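Q: Before anything else, here's the structure in question.
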Amino acid sequence: MSTTAESQRVLVVDDEPNIADVISMALRYQGFEVETAATGRDAISAANTYRPHLMVLDIMLPDMEGFEVARRLGADRAGIPIIFLTARDTTEDKVRGLTMGGDDYVTKPFSLEELVARIRAILRRTGLENGHSSNLTFDDLELDDDTREVTRDGKHIDLTDTEYRLLRYLMLNPRHVMTRAQLLDHVWNYDFGGDGRVLETYISYLRKKLDTYGPPLIQTVRGVGYALRTART
(Lines give C-alpha, C1' and ligand atoms only; values in the text may rest on other atoms or scores of the structure.)
Protein backbone atom coordinates (compact mmCIF):
# COMPACT_ATOMS: atom_id res chain seq x y z
CA MET A 1 0.00 0.00 0.00
CA SER A 2 1.24 3.48 -0.81
CA THR A 3 2.12 5.67 2.17
CA THR A 4 2.27 8.99 0.36
CA ALA A 5 -1.35 9.79 1.26
CA GLU A 6 -1.09 8.56 4.85
CA SER A 7 -3.50 10.36 7.22
CA GLN A 8 -5.05 12.38 4.38
CA ARG A 9 -8.84 12.35 4.81
CA VAL A 10 -11.19 12.29 1.81
CA LEU A 11 -14.97 12.60 1.99
CA VAL A 12 -16.76 10.85 -0.90
CA VAL A 13 -20.31 12.09 -1.47
CA ASP A 14 -22.46 10.08 -3.90
CA ASP A 15 -25.94 8.63 -3.54
CA GLU A 16 -25.05 5.61 -5.71
CA PRO A 17 -23.57 3.07 -3.24
CA ASN A 18 -21.60 1.18 -5.90
CA ILE A 19 -19.81 4.33 -7.06
CA ALA A 20 -19.08 5.47 -3.50
CA ASP A 21 -17.78 2.00 -2.61
CA VAL A 22 -15.52 1.71 -5.67
CA ILE A 23 -14.00 5.17 -5.10
CA SER A 24 -13.57 4.49 -1.38
CA MET A 25 -11.85 1.16 -2.01
CA ALA A 26 -9.46 2.68 -4.53
CA LEU A 27 -8.57 5.55 -2.20
CA ARG A 28 -8.07 3.31 0.83
CA TYR A 29 -5.79 1.10 -1.23
CA GLN A 30 -3.71 4.21 -1.96
CA GLY A 31 -3.46 4.97 1.76
CA PHE A 32 -6.17 7.61 2.18
CA GLU A 33 -8.64 7.67 5.05
CA VAL A 34 -12.16 7.76 3.60
CA GLU A 35 -15.66 8.57 4.81
CA THR A 36 -18.78 8.54 2.66
CA ALA A 37 -22.07 10.42 2.57
CA ALA A 38 -25.13 9.90 0.37
CA THR A 39 -26.97 13.22 0.79
CA GLY A 40 -26.10 16.89 0.82
CA ARG A 41 -27.10 17.29 4.46
CA ASP A 42 -24.93 14.34 5.48
CA ALA A 43 -22.05 15.79 3.45
CA ILE A 44 -22.27 19.14 5.25
CA SER A 45 -22.43 17.41 8.62
CA ALA A 46 -19.49 15.14 7.76
CA ALA A 47 -17.44 18.08 6.49
CA ASN A 48 -17.82 19.77 9.86
CA THR A 49 -17.11 16.68 12.00
CA TYR A 50 -14.73 14.57 9.88
CA ARG A 51 -12.79 17.64 8.64
CA PRO A 52 -11.65 16.11 5.33
CA HIS A 53 -8.64 17.43 3.47
CA LEU A 54 -10.61 17.03 0.21
CA MET A 55 -14.13 16.18 -0.92
CA VAL A 56 -15.25 14.22 -3.99
CA LEU A 57 -18.76 15.60 -4.44
CA ASP A 58 -21.46 14.32 -6.79
CA ILE A 59 -23.60 17.11 -8.23
CA MET A 60 -26.85 15.13 -8.44
CA LEU A 61 -27.85 14.30 -4.85
CA PRO A 62 -31.36 13.38 -3.64
CA ASP A 63 -31.90 16.39 -1.36
CA MET A 64 -29.84 19.18 -2.96
CA GLU A 65 -27.32 19.78 -5.72
CA GLY A 66 -23.64 19.43 -4.98
CA PHE A 67 -23.36 23.08 -5.99
CA GLU A 68 -25.60 23.98 -3.04
CA VAL A 69 -23.46 21.83 -0.71
CA ALA A 70 -20.37 23.73 -1.89
CA ARG A 71 -22.15 27.06 -1.44
CA ARG A 72 -23.16 26.25 2.13
CA LEU A 73 -19.71 25.00 3.03
CA GLY A 74 -18.24 28.16 1.53
CA ALA A 75 -20.58 30.23 3.63
CA ASP A 76 -19.42 28.27 6.69
CA ARG A 77 -15.79 28.96 5.69
CA ALA A 78 -14.85 25.28 5.62
CA GLY A 79 -12.25 25.84 2.92
CA ILE A 80 -12.28 22.23 1.70
CA PRO A 81 -10.94 21.52 -1.81
CA ILE A 82 -13.70 19.96 -3.93
CA ILE A 83 -13.68 17.71 -6.98
CA PHE A 84 -17.15 17.71 -8.51
CA LEU A 85 -18.33 14.36 -9.87
CA THR A 86 -21.19 14.25 -12.36
CA ALA A 87 -22.75 12.62 -15.39
CA ARG A 88 -23.42 16.07 -16.84
CA ASP A 89 -20.78 17.23 -19.27
CA THR A 90 -21.73 20.76 -20.24
CA THR A 91 -19.48 23.79 -20.25
CA GLU A 92 -22.08 25.68 -18.22
CA ASP A 93 -21.95 23.10 -15.42
CA LYS A 94 -18.15 23.04 -15.43
CA VAL A 95 -17.93 26.82 -15.20
CA ARG A 96 -20.56 26.89 -12.46
CA GLY A 97 -18.74 24.18 -10.52
CA LEU A 98 -15.41 25.96 -10.68
CA THR A 99 -16.88 29.34 -9.79
CA MET A 100 -18.70 27.75 -6.83
CA GLY A 101 -15.32 26.96 -5.29
CA GLY A 102 -14.65 23.60 -6.92
CA ASP A 103 -11.03 22.71 -7.67
CA ASP A 104 -11.73 20.18 -10.42
CA TYR A 105 -14.56 18.52 -12.37
CA VAL A 106 -14.69 14.82 -13.31
CA THR A 107 -17.34 13.41 -15.64
CA LYS A 108 -18.84 9.93 -15.30
CA PRO A 109 -17.77 7.40 -16.44
CA PHE A 110 -14.27 8.12 -15.20
CA SER A 111 -10.97 6.37 -14.64
CA LEU A 112 -10.15 5.65 -10.99
CA GLU A 113 -6.47 6.19 -11.76
CA GLU A 114 -7.26 9.63 -13.18
CA LEU A 115 -9.41 10.54 -10.17
CA VAL A 116 -6.66 9.52 -7.72
CA ALA A 117 -4.12 11.49 -9.77
CA ARG A 118 -6.31 14.60 -9.65
CA ILE A 119 -6.79 14.21 -5.90
CA ARG A 120 -3.02 13.98 -5.41
CA ALA A 121 -2.46 17.02 -7.64
CA ILE A 122 -4.87 19.14 -5.58
CA LEU A 123 -3.36 17.98 -2.28
CA ARG A 124 0.11 18.81 -3.58
CA ARG A 125 -1.09 22.23 -4.68
CA THR A 126 -2.64 22.94 -1.28
CA GLY A 127 0.38 21.55 0.55
CA LEU A 128 -1.50 18.68 2.22
CA GLU A 129 0.21 15.67 0.67
CA ASN A 130 3.00 13.62 2.22
CA GLY A 131 2.06 14.27 5.81
CA HIS A 132 2.68 17.99 5.95
CA SER A 133 2.15 19.41 9.43
CA SER A 134 -1.12 21.23 9.95
CA ASN A 135 0.83 24.07 11.57
CA LEU A 136 2.53 26.76 9.50
CA THR A 137 4.82 29.32 11.12
CA PHE A 138 6.59 32.39 9.80
CA ASP A 139 8.29 34.85 12.14
CA ASP A 140 5.66 35.51 14.87
CA LEU A 141 2.78 34.44 12.61
CA GLU A 142 1.16 31.01 13.13
CA LEU A 143 -1.55 29.20 11.17
CA ASP A 144 -3.20 25.97 12.37
CA ASP A 145 -4.83 24.20 9.42
CA ASP A 146 -6.83 21.83 11.63
CA THR A 147 -8.51 24.53 13.70
CA ARG A 148 -8.17 27.25 11.04
CA GLU A 149 -6.86 29.59 13.72
CA VAL A 150 -4.36 32.31 12.87
CA THR A 151 -2.35 34.18 15.48
CA ARG A 152 0.37 36.80 15.43
CA ASP A 153 2.47 37.43 18.51
CA GLY A 154 -0.03 35.19 20.30
CA LYS A 155 -3.01 37.36 19.33
CA HIS A 156 -5.93 35.85 17.41
CA ILE A 157 -6.62 37.18 13.91
CA ASP A 158 -10.08 36.64 12.44
CA LEU A 159 -9.91 35.99 8.67
CA THR A 160 -12.51 35.35 6.01
CA ASP A 161 -12.17 32.15 3.98
CA THR A 162 -10.52 33.94 1.05
CA GLU A 163 -8.11 35.83 3.32
CA TYR A 164 -7.23 32.56 5.04
CA ARG A 165 -6.51 30.74 1.76
CA LEU A 166 -4.43 33.64 0.51
CA LEU A 167 -2.36 33.76 3.70
CA ARG A 168 -2.01 29.98 3.77
CA TYR A 169 -0.60 29.89 0.26
CA LEU A 170 1.88 32.65 1.07
CA MET A 171 2.93 30.77 4.22
CA LEU A 172 3.46 27.60 2.21
CA ASN A 173 5.93 29.58 0.09
CA PRO A 174 7.73 31.88 2.56
CA ARG A 175 10.23 34.40 1.15
CA HIS A 176 9.38 33.29 -2.40
CA VAL A 177 7.95 35.88 -4.76
CA MET A 178 4.53 34.63 -5.85
CA THR A 179 3.26 36.11 -9.09
CA ARG A 180 -0.22 37.53 -9.42
CA ALA A 181 -1.10 34.68 -11.80
CA GLN A 182 0.04 32.05 -9.27
CA LEU A 183 -1.97 33.63 -6.48
CA LEU A 184 -5.10 33.96 -8.62
CA ASP A 185 -4.76 30.35 -9.76
CA HIS A 186 -4.18 28.83 -6.32
CA VAL A 187 -6.53 30.98 -4.27
CA TRP A 188 -9.30 31.73 -6.75
CA ASN A 189 -8.69 28.80 -9.12
CA TYR A 190 -8.37 31.09 -12.14
CA ASP A 191 -6.68 29.46 -15.12
CA PHE A 192 -6.34 32.83 -16.84
CA GLY A 193 -5.15 36.30 -15.92
CA GLY A 194 -8.31 37.20 -14.05
CA ASP A 195 -8.94 40.60 -12.51
CA GLY A 196 -5.85 41.59 -10.55
CA ARG A 197 -7.87 44.13 -8.58
CA VAL A 198 -9.48 41.27 -6.67
CA LEU A 199 -6.05 40.12 -5.52
CA GLU A 200 -4.92 43.63 -4.62
CA THR A 201 -8.07 44.17 -2.59
CA TYR A 202 -7.58 41.01 -0.53
CA ILE A 203 -3.87 41.69 -0.05
CA SER A 204 -4.91 45.05 1.39
CA TYR A 205 -7.46 43.40 3.72
CA LEU A 206 -4.91 40.84 4.88
CA ARG A 207 -2.18 43.40 5.45
CA LYS A 208 -4.47 45.55 7.56
CA LYS A 209 -5.24 42.63 9.87
CA LEU A 210 -1.67 41.28 10.11
CA ASP A 211 0.03 44.66 10.52
CA THR A 212 -2.12 45.46 13.55
CA TYR A 213 0.17 43.25 15.64
CA GLY A 214 3.59 43.83 14.13
CA PRO A 215 5.74 45.06 11.23
CA PRO A 216 4.57 44.39 7.64
CA LEU A 217 5.06 40.81 6.45
CA ILE A 218 3.53 40.88 2.96
CA GLN A 219 5.93 42.69 0.67
CA THR A 220 5.07 43.96 -2.83
CA VAL A 221 7.51 43.06 -5.58
CA ARG A 222 6.68 45.72 -8.13
CA GLY A 223 5.59 44.38 -11.50
CA VAL A 224 5.70 40.74 -10.32
CA GLY A 225 3.61 39.93 -7.26
CA TYR A 226 3.97 39.49 -3.50
CA ALA A 227 6.20 37.74 -1.00
CA LEU A 228 5.78 36.81 2.65
CA ARG A 229 8.98 38.09 4.28
CA THR A 230 10.20 40.49 6.89
CA ALA A 231 11.88 43.76 5.97
CA ARG A 232 15.26 42.19 6.84
CA THR A 233 14.88 39.11 4.57
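Ordering of the C-alpha coordinates sets the chain letters (A, B, ...), residue numbers begin anew at 1 in every chain, and ligands are numbered from 1 in the order given.
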Write out as an MDAnalysis selection string each polymer residue whose atoms come within 10 Å of stretch 154-164 of chain A, counting only C-alpha atoms; drop sequence neighbours fewer than 3 positions from it.
A: chainID A and resid 74:79 140:143 145 148:151 167:170 187:188 202:207 209:210 212:213
Q: Just list the residues in stretch 1-78 of chain A DSSP gives alpha helix (DSSP H) on the backbone, as an MDAnalysis selection string.
A: chainID A and resid 17:29 40:50 66:75
Q: Please indicate the distance in Å from atom CA of A:Met171 to atom CA of A:Arg28, rounded to one decimal place.
A: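 Between these atoms lies a distance of 29.8 Å.
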Q: For atom CA of A:Glu200 and atom CA of A:Met178, determine how far apart the two atoms are, in Å to one decimal place.
A: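 Straight-line distance from atom CA of A:Glu200 to atom CA of A:Met178 works out to 13.1 Å.
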Q: Report as a PyMOL selection string all protein, DNA and RNA residues lying within 12 Å of A:Met25, evaluated on only C-alpha atoms, omitting residues in the same chain fewer than 3 positions from it.
A: chain A and resi 10+12+17-22+28-36+112+116
Q: Got time to write the residues from that selection, N, CA, C and O atoms, as a PDB file, in the first residue's frame?
A:
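And here's selection.pdb as it stands now:
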```pdb
ATOM      1  N   VAL A  10     -10.365  11.944   2.968  1.00  0.00           N
ATOM      2  CA  VAL A  10     -11.189  12.290   1.811  1.00  0.00           C
ATOM      3  C   VAL A  10     -12.643  11.926   2.114  1.00  0.00           C
ATOM      4  O   VAL A  10     -12.921  10.821   2.583  1.00  0.00           O
ATOM      5  N   VAL A  12     -16.152  11.190   0.394  1.00  0.00           N
ATOM      6  CA  VAL A  12     -16.757  10.849  -0.896  1.00  0.00           C
ATOM      7  C   VAL A  12     -18.267  10.976  -0.753  1.00  0.00           C
ATOM      8  O   VAL A  12     -18.881  10.300   0.078  1.00  0.00           O
ATOM      9  N   PRO A  17     -24.476   3.820  -4.119  1.00  0.00           N
ATOM     10  CA  PRO A  17     -23.568   3.074  -3.240  1.00  0.00           C
ATOM     11  C   PRO A  17     -22.419   2.399  -3.982  1.00  0.00           C
ATOM     12  O   PRO A  17     -21.293   2.361  -3.477  1.00  0.00           O
ATOM     13  N   ASN A  18     -22.687   1.874  -5.189  1.00  0.00           N
ATOM     14  CA  ASN A  18     -21.604   1.180  -5.901  1.00  0.00           C
ATOM     15  C   ASN A  18     -20.482   2.125  -6.294  1.00  0.00           C
ATOM     16  O   ASN A  18     -19.294   1.778  -6.220  1.00  0.00           O
ATOM     17  N   ILE A  19     -20.835   3.355  -6.693  1.00  0.00           N
ATOM     18  CA  ILE A  19     -19.808   4.331  -7.056  1.00  0.00           C
ATOM     19  C   ILE A  19     -19.025   4.769  -5.817  1.00  0.00           C
ATOM     20  O   ILE A  19     -17.793   4.825  -5.828  1.00  0.00           O
ATOM     21  N   ALA A  20     -19.746   5.062  -4.734  1.00  0.00           N
ATOM     22  CA  ALA A  20     -19.077   5.472  -3.496  1.00  0.00           C
ATOM     23  C   ALA A  20     -18.143   4.377  -3.000  1.00  0.00           C
ATOM     24  O   ALA A  20     -17.020   4.650  -2.558  1.00  0.00           O
ATOM     25  N   ASP A  21     -18.595   3.123  -3.090  1.00  0.00           N
ATOM     26  CA  ASP A  21     -17.781   1.999  -2.611  1.00  0.00           C
ATOM     27  C   ASP A  21     -16.519   1.817  -3.453  1.00  0.00           C
ATOM     28  O   ASP A  21     -15.432   1.573  -2.923  1.00  0.00           O
ATOM     29  N   VAL A  22     -16.670   1.903  -4.779  1.00  0.00           N
ATOM     30  CA  VAL A  22     -15.521   1.711  -5.667  1.00  0.00           C
ATOM     31  C   VAL A  22     -14.480   2.809  -5.442  1.00  0.00           C
ATOM     32  O   VAL A  22     -13.275   2.540  -5.341  1.00  0.00           O
ATOM     33  N   ARG A  28      -8.650   3.994  -0.335  1.00  0.00           N
ATOM     34  CA  ARG A  28      -8.072   3.313   0.835  1.00  0.00           C
ATOM     35  C   ARG A  28      -6.861   2.478   0.428  1.00  0.00           C
ATOM     36  O   ARG A  28      -5.877   2.389   1.176  1.00  0.00           O
ATOM     37  N   TYR A  29      -6.920   1.880  -0.743  1.00  0.00           N
ATOM     38  CA  TYR A  29      -5.789   1.097  -1.230  1.00  0.00           C
ATOM     39  C   TYR A  29      -4.563   1.991  -1.410  1.00  0.00           C
ATOM     40  O   TYR A  29      -3.424   1.551  -1.225  1.00  0.00           O
ATOM     41  N   GLN A  30      -4.801   3.252  -1.763  1.00  0.00           N
ATOM     42  CA  GLN A  30      -3.705   4.206  -1.959  1.00  0.00           C
ATOM     43  C   GLN A  30      -3.262   4.853  -0.649  1.00  0.00           C
ATOM     44  O   GLN A  30      -2.364   5.686  -0.637  1.00  0.00           O
ATOM     45  N   GLY A  31      -3.897   4.480   0.463  1.00  0.00           N
ATOM     46  CA  GLY A  31      -3.464   4.975   1.761  1.00  0.00           C
ATOM     47  C   GLY A  31      -4.261   6.124   2.335  1.00  0.00           C
ATOM     48  O   GLY A  31      -3.927   6.647   3.400  1.00  0.00           O
ATOM     49  N   PHE A  32      -5.338   6.531   1.657  1.00  0.00           N
ATOM     50  CA  PHE A  32      -6.166   7.608   2.176  1.00  0.00           C
ATOM     51  C   PHE A  32      -7.126   7.082   3.248  1.00  0.00           C
ATOM     52  O   PHE A  32      -7.511   5.910   3.218  1.00  0.00           O
ATOM     53  N   GLU A  33      -7.521   7.953   4.162  1.00  0.00           N
ATOM     54  CA  GLU A  33      -8.643   7.671   5.046  1.00  0.00           C
ATOM     55  C   GLU A  33      -9.894   8.177   4.347  1.00  0.00           C
ATOM     56  O   GLU A  33      -9.884   9.271   3.776  1.00  0.00           O
ATOM     57  N   VAL A  34     -10.974   7.405   4.387  1.00  0.00           N
ATOM     58  CA  VAL A  34     -12.157   7.760   3.602  1.00  0.00           C
ATOM     59  C   VAL A  34     -13.430   7.638   4.439  1.00  0.00           C
ATOM     60  O   VAL A  34     -13.602   6.681   5.191  1.00  0.00           O
ATOM     61  N   GLU A  35     -14.291   8.622   4.296  1.00  0.00           N
ATOM     62  CA  GLU A  35     -15.659   8.570   4.814  1.00  0.00           C
ATOM     63  C   GLU A  35     -16.587   8.829   3.642  1.00  0.00           C
ATOM     64  O   GLU A  35     -16.193   9.466   2.655  1.00  0.00           O
ATOM     65  N   THR A  36     -17.820   8.331   3.746  1.00  0.00           N
ATOM     66  CA  THR A  36     -18.782   8.539   2.663  1.00  0.00           C
ATOM     67  C   THR A  36     -20.055   9.200   3.188  1.00  0.00           C
ATOM     68  O   THR A  36     -20.373   9.129   4.381  1.00  0.00           O
ATOM     69  N   LEU A 112     -10.550   5.517 -12.386  1.00  0.00           N
ATOM     70  CA  LEU A 112     -10.153   5.650 -10.989  1.00  0.00           C
ATOM     71  C   LEU A 112      -8.728   6.177 -10.873  1.00  0.00           C
ATOM     72  O   LEU A 112      -8.416   6.977  -9.990  1.00  0.00           O
ATOM     73  N   VAL A 116      -7.684   9.524  -8.777  1.00  0.00           N
ATOM     74  CA  VAL A 116      -6.665   9.521  -7.725  1.00  0.00           C
ATOM     75  C   VAL A 116      -5.558  10.514  -8.064  1.00  0.00           C
ATOM     76  O   VAL A 116      -5.071  11.250  -7.197  1.00  0.00           O
TER      77      VAL A 116
END
```
Q: Within 10 Å of A:Val224, counting only C-alpha atoms, which residues qualify if same-chain residues fewer than 4 places away don't, as a ChimeraX atom specification?
A: /A:177-181,220
Q: Of the residues A:Leu11, A:Leu136, A:Ala117, A:Ala37, which is the one nearest to A:Pro52, using only C-alpha atoms?
A: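 Nearest candidate to A:Pro52 out of A:Leu11, A:Leu136, A:Ala117, A:Ala37: A:Leu11.
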Q: To one decimal place in Å, what is the distance between atom CA of A:Asp103 and atom CA of A:Ala26?
A: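 Those two atoms sit 20.3 Å apart.
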Q: Taking into account only C-alpha atoms, which residue in the set A:Ile218, A:Ile83, A:Ala227, A:Leu123 is nearest to A:Gln182?
A: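 Among A:Ile218, A:Ile83, A:Ala227, A:Leu123, it is A:Ala227 that comes nearest to A:Gln182.
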Q: Using only C-alpha atoms, can you tell me which of A:Asp185, A:Asp42, A:Glu113, A:Asp14 comes closest to A:Val56?
A: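 When distances to A:Val56 are compared using only C-alpha atoms, the smallest one comes from A:Asp14.
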